[in-house]
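**Student:** One structure, pasted below without further comment.
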Amino acid sequence: MDFLRPASWEEALAAKAEHPTAVPIAGGTDVMVEINFDHRRPEYLLDLNRVGDLYEWEVGEDTVRLGASVPYATIMENLRAELPGLALASHTVASPQIRNRGGVGGNLGTASPAGDAHPALLAAGAEVEVASAARGTRLIPIDAFYTGVKRNALQPDELIRAVHVKKADGPQQYSKVGTRNAMVIAVCAFGLALHPATRTVRTGIGSAAPTPVRAKTAEEFLNAALEEGGFWDNGKIITPSVAKQFAELCSAACNPIDDVRGTASYRRHAVGVMARRTLTWTWESYRGARRTTEGAA
C-alpha cells in the first residue's frame, strides 16, 4: 500500500487524477477501521491532512461553506446558530477524540446509510462541492449524491472539497437511536428542518434504507396540512392527527434490513416515533419564536 501526501489542494487533485483508485483519508475514522479489520486493502491511500483548504469554513449571507475536513467539534462550537441540525448530529458522533478528527467530508465519501451527518444535510438541503483536475469544480445537490449502499455520485478522479449548507431560517432537530449512548453506529436516525421562508419542511432518514433518504410523501402531506390549516400564520399547535399521519408516512419511507443492531420492524417504528417527536419540538420552537417576535412588535 502506497501513501500519497499532497501539500495542497492542487497536488491532491493531481494525485487523484494519476491514481483514481486512491482512497482519500483525512480523519480516518471510517477508513482505518476498514483497513484494521482487513475489509479494505487499497493500493493507494491519499492523505489529505496537509491540505489546509479543507479545514476552512465561511459563513456567508445565506450559506455556510464548510470544508470537508472541518471537525465535528468545530461545527458544535461555532455553527450552532447557522446549522443547528448538523450541530446536533455532530454531538452524537462517537467520542470527543473522534469529533475532533472526523468531518462531514468523510461521512459523504464513505456514504454509509448510518453516517450521522446525512439526515441533517438532507433536511437542510445541502450541496456537495467536488472537483477534479480535468473538469474543475461542480456542486452536487445532496438529494442526488447518494447512489447506492456506500456509493456516491463522485467520479473516480474527483475529491470532496466542501459542503454548502443554507443557514437555518427556522428550527431544526436531529434524533438518533443507538444500542447505547455513545460510541455507537445508529440503529436509525432522523433529521427535520422547518423552512418558514418557503413554508416547507424537509426530512432526512439514516440507517433505515440502502441510502440516506428523505420522506418526501410525508413532507408533501405536512406542507399541505400546514398551508391549508394556516399554521404558518396562526402559530397554532399541530393537531395530533396531522402529527400521527406525518409519522406514519415517515415510517413508510423506510426500507430497512434486519441486522445485529436492530430489526427492520423496529427501525420503521423508531423512525415514526422520532418523526413525531422532532416535529413537536421544532414546531414548538417555531411557535415560541413567533410569540417573541409578536411581543417585541
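Identifiers in this document derive from the order of the C-alpha cells: chains are assigned A, B, ..., residues are numbered from 1 separately in each chain, and ligands are numbered from 1 in order of occurrence.
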Set the distance at 7 Å and use only C-alpha atoms: which residues neighbour segment 103-108 of chain A once local chain neighbours fewer than 2 positions away are removed? I'd like the list as a list of chain:residue names.

**Tutor:** A:Gly27, A:Ala68, A:Ser69, A:Val70, A:Pro71, A:Tyr72, A:Arg101, A:Thr110, A:Ala111, A:Gly115, A:Ala117, A:Ile160

**Student:** Can you spit out the residues from that selection as a tab-separated table (two decimals), in the first residue's frame, using all heavy atoms?

**Tutor:**
chain	number	residue	atom	x	y	z
A	27	GLY	N	-9.71	12.41	8.51
A	27	GLY	CA	-9.86	12.00	9.91
A	27	GLY	C	-9.52	10.53	10.10
A	27	GLY	O	-9.01	10.12	11.14
A	68	ALA	N	-14.37	20.13	3.80
A	68	ALA	CA	-14.64	18.71	4.00
A	68	ALA	C	-14.03	18.15	5.28
A	68	ALA	O	-14.54	17.19	5.85
A	68	ALA	CB	-14.14	17.92	2.79
A	69	SER	N	-12.93	18.74	5.75
A	69	SER	CA	-12.23	18.22	6.92
A	69	SER	C	-12.48	19.04	8.19
A	69	SER	O	-11.83	18.79	9.21
A	69	SER	CB	-10.73	18.14	6.65
A	69	SER	OG	-10.45	17.20	5.63
A	70	VAL	N	-13.39	20.00	8.15
A	70	VAL	CA	-13.72	20.75	9.37
A	70	VAL	C	-14.25	19.77	10.41
A	70	VAL	O	-15.23	19.07	10.16
A	70	VAL	CB	-14.77	21.84	9.08
A	70	VAL	CG1	-15.23	22.49	10.38
A	70	VAL	CG2	-14.21	22.89	8.13
A	71	PRO	N	-13.65	19.68	11.58
A	71	PRO	CA	-14.06	18.67	12.56
A	71	PRO	C	-15.47	18.92	13.10
A	71	PRO	O	-15.95	20.05	13.16
A	71	PRO	CB	-13.02	18.82	13.68
A	71	PRO	CG	-11.87	19.53	13.07
A	71	PRO	CD	-12.46	20.43	12.03
A	72	TYR	N	-16.11	17.84	13.51
A	72	TYR	CA	-17.43	17.95	14.11
A	72	TYR	C	-17.41	18.87	15.33
A	72	TYR	O	-18.36	19.60	15.60
A	72	TYR	CB	-17.95	16.57	14.52
A	72	TYR	CG	-18.28	15.67	13.36
A	72	TYR	CD1	-17.50	14.56	13.08
A	72	TYR	CD2	-19.37	15.93	12.53
A	72	TYR	CE1	-17.80	13.73	12.01
A	72	TYR	CE2	-19.68	15.11	11.46
A	72	TYR	CZ	-18.89	14.02	11.21
A	72	TYR	OH	-19.18	13.20	10.15
A	101	ARG	N	-11.47	14.81	15.18
A	101	ARG	CA	-10.76	14.36	13.99
A	101	ARG	C	-11.67	14.24	12.77
A	101	ARG	O	-11.32	14.65	11.67
A	101	ARG	CB	-10.12	12.98	14.25
A	101	ARG	CG	-8.95	12.99	15.17
A	101	ARG	CD	-7.73	13.57	14.51
A	101	ARG	NE	-7.28	12.76	13.37
A	101	ARG	CZ	-6.36	13.15	12.52
A	101	ARG	NH1	-5.78	14.33	12.65
A	101	ARG	NH2	-6.00	12.36	11.51
A	110	THR	N	-17.65	8.13	2.46
A	110	THR	CA	-17.99	6.75	2.79
A	110	THR	C	-19.41	6.41	2.33
A	110	THR	O	-19.69	5.30	1.89
A	110	THR	CB	-17.86	6.51	4.30
A	110	THR	OG1	-16.54	6.86	4.71
A	110	THR	CG2	-18.12	5.06	4.66
A	111	ALA	N	-20.30	7.40	2.46
A	111	ALA	CA	-21.71	7.26	2.03
A	111	ALA	C	-22.42	6.10	2.69
A	111	ALA	O	-23.33	5.50	2.11
A	111	ALA	CB	-21.80	7.15	0.50
A	115	GLY	N	-24.26	7.00	8.41
A	115	GLY	CA	-23.48	8.20	8.73
A	115	GLY	C	-24.32	9.24	9.45
A	115	GLY	O	-25.43	9.56	9.04
A	117	ALA	N	-24.12	12.48	9.81
A	117	ALA	CA	-24.37	13.80	9.22
A	117	ALA	C	-25.46	13.79	8.16
A	117	ALA	O	-26.09	14.82	7.89
A	117	ALA	CB	-23.09	14.36	8.61
A	160	ILE	N	-13.98	15.44	-2.66
A	160	ILE	CA	-14.91	16.35	-2.00
A	160	ILE	C	-14.11	17.49	-1.38
A	160	ILE	O	-13.17	17.26	-0.61
A	160	ILE	CB	-15.71	15.62	-0.91
A	160	ILE	CG1	-16.55	14.50	-1.53
A	160	ILE	CG2	-16.61	16.60	-0.15
A	160	ILE	CD1	-17.17	13.57	-0.50

**Student:** Compile a residue-level contact table for segment 201-239 of chain A against segment 254-260 of chain A at a cut-off of 9 Å, reporting for every qualifying residue the shortest atom pair and its distance in Å to one decimal, with only C-alpha atoms counted, rows ordered by chain and ascending number, as CSV.

**Tutor:**
residue,atom,partner,partner_atom,distance
A:Ile205,CA,A:Cys254,CA,7.8
A:Ser207,CA,A:Pro256,CA,7.4
A:Ala208,CA,A:Pro256,CA,4.3
A:Ala209,CA,A:Asn255,CA,4.4
A:Pro210,CA,A:Asn255,CA,7.2
A:Val213,CA,A:Cys254,CA,8.0
A:Ala215,CA,A:Cys254,CA,8.0

**Student:** With distances taken over only C-alpha atoms, which residue among A:Tyr174, A:Trp232, A:Phe37, A:Phe221 lies nearest Ala193 of chain A?

**Tutor:** A:Tyr174

**Student:** Using only C-alpha atoms, which protein or nucleic acid residues come within 12 Å of Glu58 of chain A? Drop anything in the same chain fewer than 4 positions from it, and give the result as a PyMOL selection string.

**Tutor:** chain A and resi 53-54+62-67+70+75+78-79+82+162-167

**Student:** Might you pull out every residue within 9 Å of Ala247 of chain A, with only C-alpha atoms counted and same-chain residues fewer than 6 positions away left off, and present them as a ChimeraX atom specification?

**Tutor:** /A:218,271-277,279

**Student:** A:His195, A:His39, A:Lys244, A:Lys16: which is nearest Glu158 of chain A, counting only C-alpha atoms?

**Tutor:** A:Lys16

**Student:** Between A:Ser90, A:Gln172, A:Thr203, A:Asn36, which one has atoms that come closest to Trp281 of chain A, using only C-alpha atoms?

**Tutor:** A:Gln172

**Student:** With distances taken over only C-alpha atoms, which of A:Ala189, A:Leu122, A:Ala133, A:Ala73 is nearest to Val201 of chain A?

**Tutor:**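 Ranking A:Ala189, A:Leu122, A:Ala133, A:Ala73 by distance to Val201 of chain A, first place goes to A:Leu122.
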
**Student:** For Gly191 of chain A, which residue among A:Leu13, A:Val242, A:Leu4, A:Ala124 is the nearest when counting only C-alpha atoms?

**Tutor:** A:Ala124

**Student:** For Pro212 of chain A, find every residue with an atom within 8 Å (counting only C-alpha atoms), except residues of its own chain fewer than 4 positions away, and show them as an NGL selection string.

**Tutor:** :A and (112-114 or 118-119 or 146 or 204-208)

**Student:** Got time to write the residues from that selection, N, CA and C atoms, as an mmCIF file, in the first residue's frame?

**Tutor:**
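Dumped everything to part_33.cif:
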data_model
loop_
_atom_site.group_PDB
_atom_site.id
_atom_site.type_symbol
_atom_site.label_atom_id
_atom_site.label_comp_id
_atom_site.auth_asym_id
_atom_site.auth_seq_id
_atom_site.Cartn_x
_atom_site.Cartn_y
_atom_site.Cartn_z
ATOM 1 N N SER A 112 -22.025 5.767 3.919
ATOM 2 C CA SER A 112 -22.754 4.742 4.663
ATOM 3 C C SER A 112 -24.131 5.264 5.026
ATOM 4 N N PRO A 113 -25.168 4.449 4.893
ATOM 5 C CA PRO A 113 -26.514 4.918 5.284
ATOM 6 C C PRO A 113 -26.609 5.278 6.762
ATOM 7 N N ALA A 114 -25.651 4.791 7.566
ATOM 8 C CA ALA A 114 -25.666 5.066 9.001
ATOM 9 C C ALA A 114 -24.850 6.297 9.378
ATOM 10 N N HIS A 118 -25.713 12.637 7.533
ATOM 11 C CA HIS A 118 -26.588 12.603 6.361
ATOM 12 C C HIS A 118 -28.012 13.122 6.598
ATOM 13 N N PRO A 119 -28.718 12.683 7.655
ATOM 14 C CA PRO A 119 -30.087 13.187 7.831
ATOM 15 C C PRO A 119 -30.155 14.708 7.973
ATOM 16 N N TYR A 146 -26.267 10.435 -3.028
ATOM 17 C CA TYR A 146 -26.214 9.042 -2.612
ATOM 18 C C TYR A 146 -26.786 8.156 -3.726
ATOM 19 N N GLY A 204 -34.793 13.993 6.798
ATOM 20 C CA GLY A 204 -33.675 13.120 6.445
ATOM 21 C C GLY A 204 -33.718 11.892 7.330
ATOM 22 N N ILE A 205 -33.557 10.726 6.726
ATOM 23 C CA ILE A 205 -33.606 9.462 7.470
ATOM 24 C C ILE A 205 -32.292 8.728 7.256
ATOM 25 N N GLY A 206 -31.701 8.236 8.343
ATOM 26 C CA GLY A 206 -30.457 7.491 8.262
ATOM 27 C C GLY A 206 -30.602 6.083 8.791
ATOM 28 N N SER A 207 -29.849 5.163 8.225
ATOM 29 C CA SER A 207 -29.749 3.779 8.695
ATOM 30 C C SER A 207 -31.091 3.048 8.671
ATOM 31 N N ALA A 208 -31.959 3.417 7.728
ATOM 32 C CA ALA A 208 -33.249 2.737 7.612
ATOM 33 C C ALA A 208 -33.607 2.480 6.153
#

**Student:** Taking the DSSP assignment computed from this structure's backbone, write out as a count of residues only all residues of segment 189-289 of chain A that belong to alpha helix (DSSP H).

**Tutor:** 56
